[in-house]
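Next comes work-v8.tsv, with TSV, C-alpha atoms.
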```tsv
chain	number	residue	atom	x	y	z
A	1	MET	CA	0.00	0.00	0.00
A	2	THR	CA	1.35	3.42	-0.89
A	3	THR	CA	0.17	4.86	2.42
A	4	GLU	CA	2.88	2.82	4.15
A	5	LYS	CA	5.70	4.35	2.07
A	6	ASP	CA	7.49	7.66	2.27
A	7	THR	CA	7.61	7.99	-1.52
A	8	VAL	CA	6.26	6.30	-4.62
A	9	GLY	CA	7.19	6.92	-8.22
A	10	SER	CA	9.65	6.40	-11.04
A	11	ALA	CA	13.33	6.99	-11.53
A	12	THR	CA	12.70	10.54	-12.77
A	13	ALA	CA	9.94	11.79	-10.46
A	14	GLN	CA	8.35	10.77	-7.20
A	15	VAL	CA	5.47	11.62	-4.90
A	16	ALA	CA	6.38	12.14	-1.23
A	17	PHE	CA	3.98	11.39	1.62
A	18	VAL	CA	4.13	13.68	4.65
A	19	ALA	CA	2.27	13.78	7.96
A	20	GLU	CA	2.73	17.47	8.81
A	21	LYS	CA	2.16	20.68	6.87
A	22	GLU	CA	5.86	21.52	7.04
A	23	GLY	CA	6.50	18.50	4.83
A	24	LEU	CA	4.86	20.25	1.87
A	25	ALA	CA	8.20	21.99	1.34
A	26	ARG	CA	9.50	18.70	-0.09
A	27	ILE	CA	8.02	19.90	-3.39
A	28	PHE	CA	11.33	21.75	-3.78
A	29	ASP	CA	13.37	18.52	-3.67
A	30	ASP	CA	14.79	17.86	-7.14
A	31	ASN	CA	13.18	14.45	-7.69
A	32	ILE	CA	9.86	15.21	-5.93
A	33	ALA	CA	7.16	16.22	-8.42
A	34	GLY	CA	4.28	15.93	-5.96
A	35	VAL	CA	3.64	15.87	-2.22
A	36	ILE	CA	0.66	14.32	-0.44
A	37	TRP	CA	-0.14	15.63	3.03
A	38	ARG	CA	-2.00	12.81	4.78
A	39	ARG	CA	-4.75	14.31	6.90
A	40	ARG	CA	-7.89	13.36	8.78
A	41	MET	CA	-10.81	15.68	9.21
A	42	GLN	CA	-11.96	16.61	12.69
A	43	ASP	CA	-14.68	14.46	14.23
A	44	GLY	CA	-18.09	15.02	12.72
A	45	MET	CA	-17.02	17.19	9.79
A	46	GLN	CA	-16.65	14.41	7.22
A	47	SER	CA	-19.99	12.73	7.96
A	48	TRP	CA	-21.72	16.14	7.92
A	49	LEU	CA	-20.17	17.06	4.59
A	50	ASP	CA	-20.92	13.66	3.03
A	51	THR	CA	-24.63	13.94	3.81
A	52	LEU	CA	-25.21	17.55	2.70
A	53	PRO	CA	-27.56	18.01	-0.28
A	54	VAL	CA	-25.55	18.57	-3.45
A	55	ASP	CA	-27.03	22.03	-4.03
A	56	GLN	CA	-25.63	23.18	-0.64
A	57	LEU	CA	-22.02	22.47	-1.64
A	58	PRO	CA	-20.08	25.60	-2.65
A	59	THR	CA	-19.05	26.11	-6.28
A	60	GLY	CA	-17.17	28.91	-7.96
A	61	ARG	CA	-13.87	30.34	-9.14
A	62	ILE	CA	-12.24	33.37	-7.57
A	63	ILE	CA	-8.91	35.20	-7.90
A	64	LEU	CA	-7.90	37.10	-4.80
A	65	PRO	CA	-5.12	37.90	-2.32
A	66	VAL	CA	-4.69	35.39	0.48
A	67	SER	CA	-5.94	37.96	3.02
A	68	LYS	CA	-9.40	37.89	1.38
A	69	VAL	CA	-9.87	34.12	1.32
A	70	ARG	CA	-11.96	33.79	4.48
A	71	SER	CA	-14.50	36.44	3.54
A	72	ALA	CA	-14.77	35.29	-0.09
A	73	VAL	CA	-15.21	31.60	0.75
A	74	THR	CA	-17.76	32.53	3.42
A	75	GLU	CA	-19.74	34.32	0.71
A	76	LEU	CA	-19.58	31.26	-1.57
A	77	MET	CA	-20.89	29.13	1.30
A	78	ASN	CA	-23.68	31.63	1.89
A	79	LEU	CA	-24.64	31.63	-1.79
A	80	SER	CA	-24.96	27.85	-1.78
A	81	GLU	CA	-26.99	28.05	1.47
A	82	MET	CA	-24.56	25.74	3.24
A	83	PRO	CA	-25.83	25.55	6.83
A	84	ASP	CA	-23.95	27.83	9.23
A	85	CYS	CA	-22.78	25.49	11.96
A	86	ALA	CA	-19.67	24.25	13.76
A	87	GLN	CA	-18.81	21.83	10.93
A	88	ARG	CA	-18.99	24.58	8.34
A	89	ARG	CA	-16.61	26.69	10.41
A	90	LEU	CA	-14.20	23.75	10.62
A	91	LEU	CA	-14.32	23.41	6.84
A	92	LEU	CA	-13.75	27.13	6.36
A	93	ASN	CA	-10.77	27.08	8.74
A	94	ASP	CA	-9.29	24.14	6.86
A	95	ILE	CA	-9.66	25.86	3.50
A	96	CYS	CA	-7.93	28.94	4.90
A	97	LEU	CA	-5.15	26.74	6.30
A	98	LEU	CA	-4.52	25.08	2.93
A	99	THR	CA	-4.53	28.42	1.17
A	100	HIS	CA	-1.99	29.94	3.57
A	101	GLU	CA	0.27	26.88	3.40
A	102	PHE	CA	0.18	26.87	-0.41
A	103	ASN	CA	0.97	30.57	-0.49
A	104	LYS	CA	4.07	29.89	1.61
A	105	LEU	CA	5.28	27.57	-1.15
A	106	CYS	CA	4.32	29.70	-4.15
A	107	VAL	CA	4.44	33.28	-2.92
A	108	SER	CA	2.11	35.33	-5.08
A	109	PRO	CA	0.03	38.50	-4.63
A	110	TYR	CA	-3.01	36.63	-5.96
A	111	LEU	CA	-4.24	33.04	-5.85
A	112	ARG	CA	-6.84	31.33	-8.01
A	113	LEU	CA	-9.29	29.23	-5.96
A	114	ARG	CA	-11.84	26.84	-7.41
A	115	PHE	CA	-14.63	24.74	-5.91
A	116	ASP	CA	-16.04	22.03	-8.16
A	117	VAL	CA	-19.05	19.85	-7.38
A	118	ILE	CA	-18.56	16.82	-9.65
A	119	THR	CA	-21.15	14.14	-10.38
A	120	THR	CA	-19.83	12.85	-13.72
A	121	ASN	CA	-16.49	11.72	-15.17
A	122	LYS	CA	-14.73	15.05	-15.61
A	123	CYS	CA	-11.22	15.58	-17.03
A	124	PRO	CA	-10.64	11.85	-17.68
A	125	LYS	CA	-7.23	12.16	-19.41
A	126	PHE	CA	-3.95	12.09	-17.49
A	127	HIS	CA	-2.13	15.40	-17.79
A	128	ILE	CA	0.24	17.93	-16.21
A	129	ASP	CA	-1.29	21.34	-15.49
A	130	HIS	CA	0.03	24.40	-17.33
A	131	VAL	CA	0.75	26.27	-14.09
A	132	THR	CA	3.67	26.62	-11.67
A	133	ALA	CA	2.04	24.38	-9.06
A	134	ARG	CA	-1.40	23.30	-7.97
A	135	LEU	CA	-2.97	22.04	-4.75
A	136	LEU	CA	-5.98	19.73	-4.85
A	137	CYS	CA	-8.06	18.51	-1.93
A	138	THR	CA	-11.14	16.32	-2.36
A	139	TYR	CA	-13.32	17.01	0.66
A	140	ARG	CA	-16.08	14.65	-0.46
A	141	GLY	CA	-15.88	11.61	-2.70
A	142	VAL	CA	-12.97	9.87	-4.38
A	143	GLY	CA	-9.63	11.68	-4.46
A	144	THR	CA	-7.61	12.69	-7.53
A	145	ALA	CA	-5.94	9.83	-9.41
A	146	TYR	CA	-2.25	10.07	-10.29
A	147	SER	CA	0.26	7.99	-12.21
A	148	PHE	CA	3.72	8.09	-13.80
A	149	LEU	CA	4.30	7.95	-17.55
A	150	ASP	CA	6.44	5.07	-18.76
A	151	ASP	CA	9.00	5.17	-21.57
A	152	GLN	CA	6.17	5.06	-24.11
A	153	LYS	CA	4.48	8.06	-22.45
A	154	ARG	CA	1.69	5.87	-21.11
A	155	PRO	CA	0.43	5.94	-17.51
A	156	ALA	CA	1.66	2.97	-15.51
A	157	GLU	CA	0.10	2.01	-12.17
A	158	ILE	CA	-2.70	4.34	-11.07
A	159	PHE	CA	-2.83	5.55	-7.46
A	160	PRO	CA	-5.69	7.30	-5.63
A	161	THR	CA	-5.12	10.37	-3.48
A	162	PRO	CA	-6.68	9.66	-0.06
A	163	ASN	CA	-9.90	11.51	0.71
A	164	CYS	CA	-9.24	14.91	2.36
A	165	ALA	CA	-5.50	14.61	1.77
A	166	ALA	CA	-3.91	17.64	0.11
A	167	ILE	CA	-1.78	16.90	-2.95
A	168	VAL	CA	0.58	19.54	-4.32
A	169	LEU	CA	1.74	18.97	-7.91
A	170	ARG	CA	4.37	20.68	-10.01
A	171	GLY	CA	3.11	22.11	-13.28
A	172	THR	CA	4.76	22.75	-16.63
A	173	LYS	CA	5.77	26.27	-15.49
A	174	TRP	CA	7.76	25.01	-12.49
A	175	PRO	CA	10.83	27.33	-12.45
A	176	THR	CA	13.55	24.65	-12.22
A	177	ASP	CA	14.36	22.22	-15.00
A	178	CYS	CA	13.52	18.90	-13.37
A	179	ALA	CA	12.19	15.82	-15.14
A	180	ASN	CA	8.50	15.32	-14.46
A	181	ASN	CA	6.50	12.32	-15.61
A	182	LEU	CA	3.91	12.66	-12.83
A	183	VAL	CA	0.41	13.03	-14.29
A	184	HIS	CA	-3.05	13.20	-12.76
A	185	ARG	CA	-6.74	13.11	-13.66
A	186	SER	CA	-10.18	13.07	-12.08
A	187	PRO	CA	-11.11	9.59	-10.85
A	188	GLU	CA	-13.78	7.54	-12.55
A	189	ILE	CA	-17.26	7.92	-11.07
A	190	ASN	CA	-19.27	4.75	-11.53
A	191	ASP	CA	-22.03	5.36	-8.99
A	192	VAL	CA	-24.80	7.69	-10.22
A	193	ASN	CA	-25.31	8.85	-6.63
A	194	GLU	CA	-21.66	9.77	-6.01
A	195	THR	CA	-20.67	13.42	-5.63
A	196	ARG	CA	-17.20	14.89	-5.28
A	197	LEU	CA	-16.37	18.26	-3.71
A	198	LEU	CA	-12.98	19.30	-5.07
A	199	PHE	CA	-11.03	22.32	-3.84
A	200	VAL	CA	-8.23	23.60	-6.07
A	201	ILE	CA	-5.60	26.30	-5.58
```
Output the file's structure in the form of structure tokens.
Amino acid sequence: MTTEKDTVGSATAQVAFVAEKEGLARIFDDNIAGVIWRRRMQDGMQSWLDTLPVDQLPTGRIILPVSKVRSAVTELMNLSEMPDCAQRRLLLNDICLLTHEFNKLCVSPYLRLRFDVITTNKCPKFHIDHVTARLLCTYRGVGTAYSFLDDQKRPAEIFPTPNCAAIVLRGTKWPTDCANNLVHRSPEINDVNETRLLFVI
């Protein structure tokens, strides 16, 4: 099982598994093309989120400075009529935490945040994003799938990102010239009743 290893990957690129937020800085290691921060949600938040009606899950895309994240995400939650309760505040705090930690890695005056509610097979092809770096966290449903291209540029073994784990991936605009055959895609959704809530920075 990959969850029992510190890294998984190929000779040219690897994914590192870390238990603390400080470990996200391993994205700067030469042979590390992705980092997965293993996390568990606080008691009660996951079951609450999993049972919310789909139309109460936040959706939207916003570009803003990190200092405006809390107020902007609160507004998205209000627009979706997500119930204002202790679990929602835990979710909001976690989103703010991920945003601040990502901004420590990729210092920028503005960040692009996206909330997707996914009920179909979206973005099914393995790819590398045309950005410097990207963080993905699936708060509800199956996590992002990732793989490593072989010598024929085909994905080899496919791995799932654990639910609620944060995965940081290098993109094609990463500033250093390091080999990167790490690719990712949305997981297959086979159950018509399954819904994913994906948060992207």
Please tabulate, as a Markdown table, the residues of region 49-82 of chain A that come within 12 Å of region 171-193 of chain A, each with its closest pair of atoms and the distance in Å to one decimal, counting only C-alpha atoms and ordering rows by chain, then residue number upward.
```
| residue | atom | partner | partner_atom | distance |
| --- | --- | --- | --- | --- |
| A:Asp50 | CA | A:Asn193 | CA | 11.7 |
| A:Thr51 | CA | A:Asn193 | CA | 11.6 |
| A:Pro53 | CA | A:Asn193 | CA | 11.4 |
| A:Val54 | CA | A:Asn193 | CA | 10.2 |
```
Within 12 Å of Val107 (chain A), counting all atoms listed in the file, which residues qualify if same-chain residues fewer than 5 places away don't, as a PDB file with C-alpha atoms, in the frame of the given file?
```pdb
ATOM      1  CA  PRO A  65      -5.120  37.900  -2.320  1.00  0.00           C
ATOM      2  CA  VAL A  66      -4.690  35.390   0.480  1.00  0.00           C
ATOM      3  CA  THR A  99      -4.530  28.420   1.170  1.00  0.00           C
ATOM      4  CA  HIS A 100      -1.990  29.940   3.570  1.00  0.00           C
ATOM      5  CA  GLU A 101       0.270  26.880   3.400  1.00  0.00           C
ATOM      6  CA  PHE A 102       0.180  26.870  -0.410  1.00  0.00           C
ATOM      7  CA  THR A 132       3.670  26.620 -11.670  1.00  0.00           C
ATOM      8  CA  ALA A 133       2.040  24.380  -9.060  1.00  0.00           C
TER       9      ALA A 133
END
```
Within 10 Å of Phe28 (chain A), counting all atoms listed in the file, which residues show up once you throw out same-chain ones fewer than 3 positions away? Write them as an MDAnalysis selection string, please. chainID A and resid 24:25 31:35 105 170 174 176
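When only C-alpha atoms are used to compute distances to Thr195 (chain A), the closest of the residues A:Val15, A:Val142, A:Cys164, A:Met41 turns out to be A:Val142.
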Excluding same-chain residues fewer than 6 positions from region 89-97 of chain A, what lies within 8 Å of it counting only C-alpha atoms, as a ChimeraX atom specification? /A:42,45,69-70,73-74
Work out how far CA of Ile36 (chain A) is from CA of Phe17 (chain A), in Å to one decimal. 4.9 Å
Supply region 172-192 of chain A as a compact mmCIF listing (two decimals), in the coordinates of the input, with N, CA, C and O atoms built in where the input has gaps.
```txt
# COMPACT_ATOMS: atom_id res chain seq x y z
N THR A 172 3.79 22.57 -15.55
CA THR A 172 4.76 22.75 -16.63
C THR A 172 5.55 24.05 -16.49
O THR A 172 6.60 24.20 -17.12
N LYS A 173 5.06 25.00 -15.68
CA LYS A 173 5.77 26.27 -15.49
C LYS A 173 6.66 26.26 -14.25
O LYS A 173 7.13 27.32 -13.83
N TRP A 174 6.88 25.09 -13.65
CA TRP A 174 7.76 25.01 -12.49
C TRP A 174 9.11 25.62 -12.87
O TRP A 174 9.67 25.32 -13.92
N PRO A 175 9.68 26.52 -12.02
CA PRO A 175 10.83 27.33 -12.45
C PRO A 175 12.14 26.57 -12.63
O PRO A 175 13.03 27.06 -13.32
N THR A 176 12.31 25.39 -12.04
CA THR A 176 13.55 24.65 -12.22
C THR A 176 13.36 23.53 -13.22
O THR A 176 12.27 22.97 -13.35
N ASP A 177 14.43 23.20 -13.92
CA ASP A 177 14.36 22.22 -15.00
C ASP A 177 14.56 20.82 -14.44
O ASP A 177 15.66 20.27 -14.46
N CYS A 178 13.47 20.24 -13.93
CA CYS A 178 13.52 18.90 -13.37
C CYS A 178 12.60 18.00 -14.19
O CYS A 178 11.51 18.41 -14.61
N ALA A 179 13.03 16.77 -14.40
CA ALA A 179 12.19 15.82 -15.14
C ALA A 179 10.89 15.58 -14.38
O ALA A 179 10.89 15.48 -13.15
N ASN A 180 9.79 15.51 -15.12
CA ASN A 180 8.50 15.32 -14.46
C ASN A 180 7.60 14.44 -15.33
O ASN A 180 7.12 14.87 -16.37
N ASN A 181 7.43 13.21 -14.91
CA ASN A 181 6.50 12.32 -15.61
C ASN A 181 5.28 11.99 -14.74
O ASN A 181 4.58 11.02 -14.97
N LEU A 182 5.06 12.83 -13.71
CA LEU A 182 3.91 12.66 -12.83
C LEU A 182 2.68 13.31 -13.45
O LEU A 182 2.69 14.51 -13.73
N VAL A 183 1.64 12.53 -13.67
CA VAL A 183 0.41 13.03 -14.29
C VAL A 183 -0.77 12.72 -13.37
O VAL A 183 -0.68 11.87 -12.49
N HIS A 184 -1.87 13.42 -13.60
CA HIS A 184 -3.05 13.20 -12.76
C HIS A 184 -4.32 13.39 -13.58
O HIS A 184 -4.28 13.94 -14.69
N ARG A 185 -5.44 12.96 -13.01
CA ARG A 185 -6.74 13.11 -13.66
C ARG A 185 -7.83 12.98 -12.59
O ARG A 185 -7.57 12.52 -11.47
N SER A 186 -9.05 13.33 -12.96
CA SER A 186 -10.18 13.07 -12.08
C SER A 186 -10.44 11.56 -12.05
O SER A 186 -10.27 10.89 -13.07
N PRO A 187 -10.83 11.02 -10.92
CA PRO A 187 -11.11 9.59 -10.85
C PRO A 187 -12.40 9.25 -11.57
O PRO A 187 -13.25 10.12 -11.80
N GLU A 188 -12.54 7.99 -11.93
CA GLU A 188 -13.78 7.54 -12.55
C GLU A 188 -14.90 7.51 -11.51
O GLU A 188 -14.70 7.09 -10.38
N ILE A 189 -16.07 7.97 -11.92
CA ILE A 189 -17.26 7.92 -11.07
C ILE A 189 -18.22 6.92 -11.68
O ILE A 189 -18.75 7.14 -12.78
N ASN A 190 -18.42 5.82 -11.00
CA ASN A 190 -19.27 4.75 -11.53
C ASN A 190 -20.65 4.72 -10.88
O ASN A 190 -21.58 4.12 -11.40
N ASP A 191 -20.77 5.36 -9.72
CA ASP A 191 -22.03 5.36 -8.99
C ASP A 191 -22.79 6.65 -9.33
O ASP A 191 -22.28 7.76 -9.16
N VAL A 192 -24.02 6.52 -9.82
CA VAL A 192 -24.80 7.69 -10.22
C VAL A 192 -25.11 8.59 -9.03
O VAL A 192 -25.45 9.76 -9.21
```
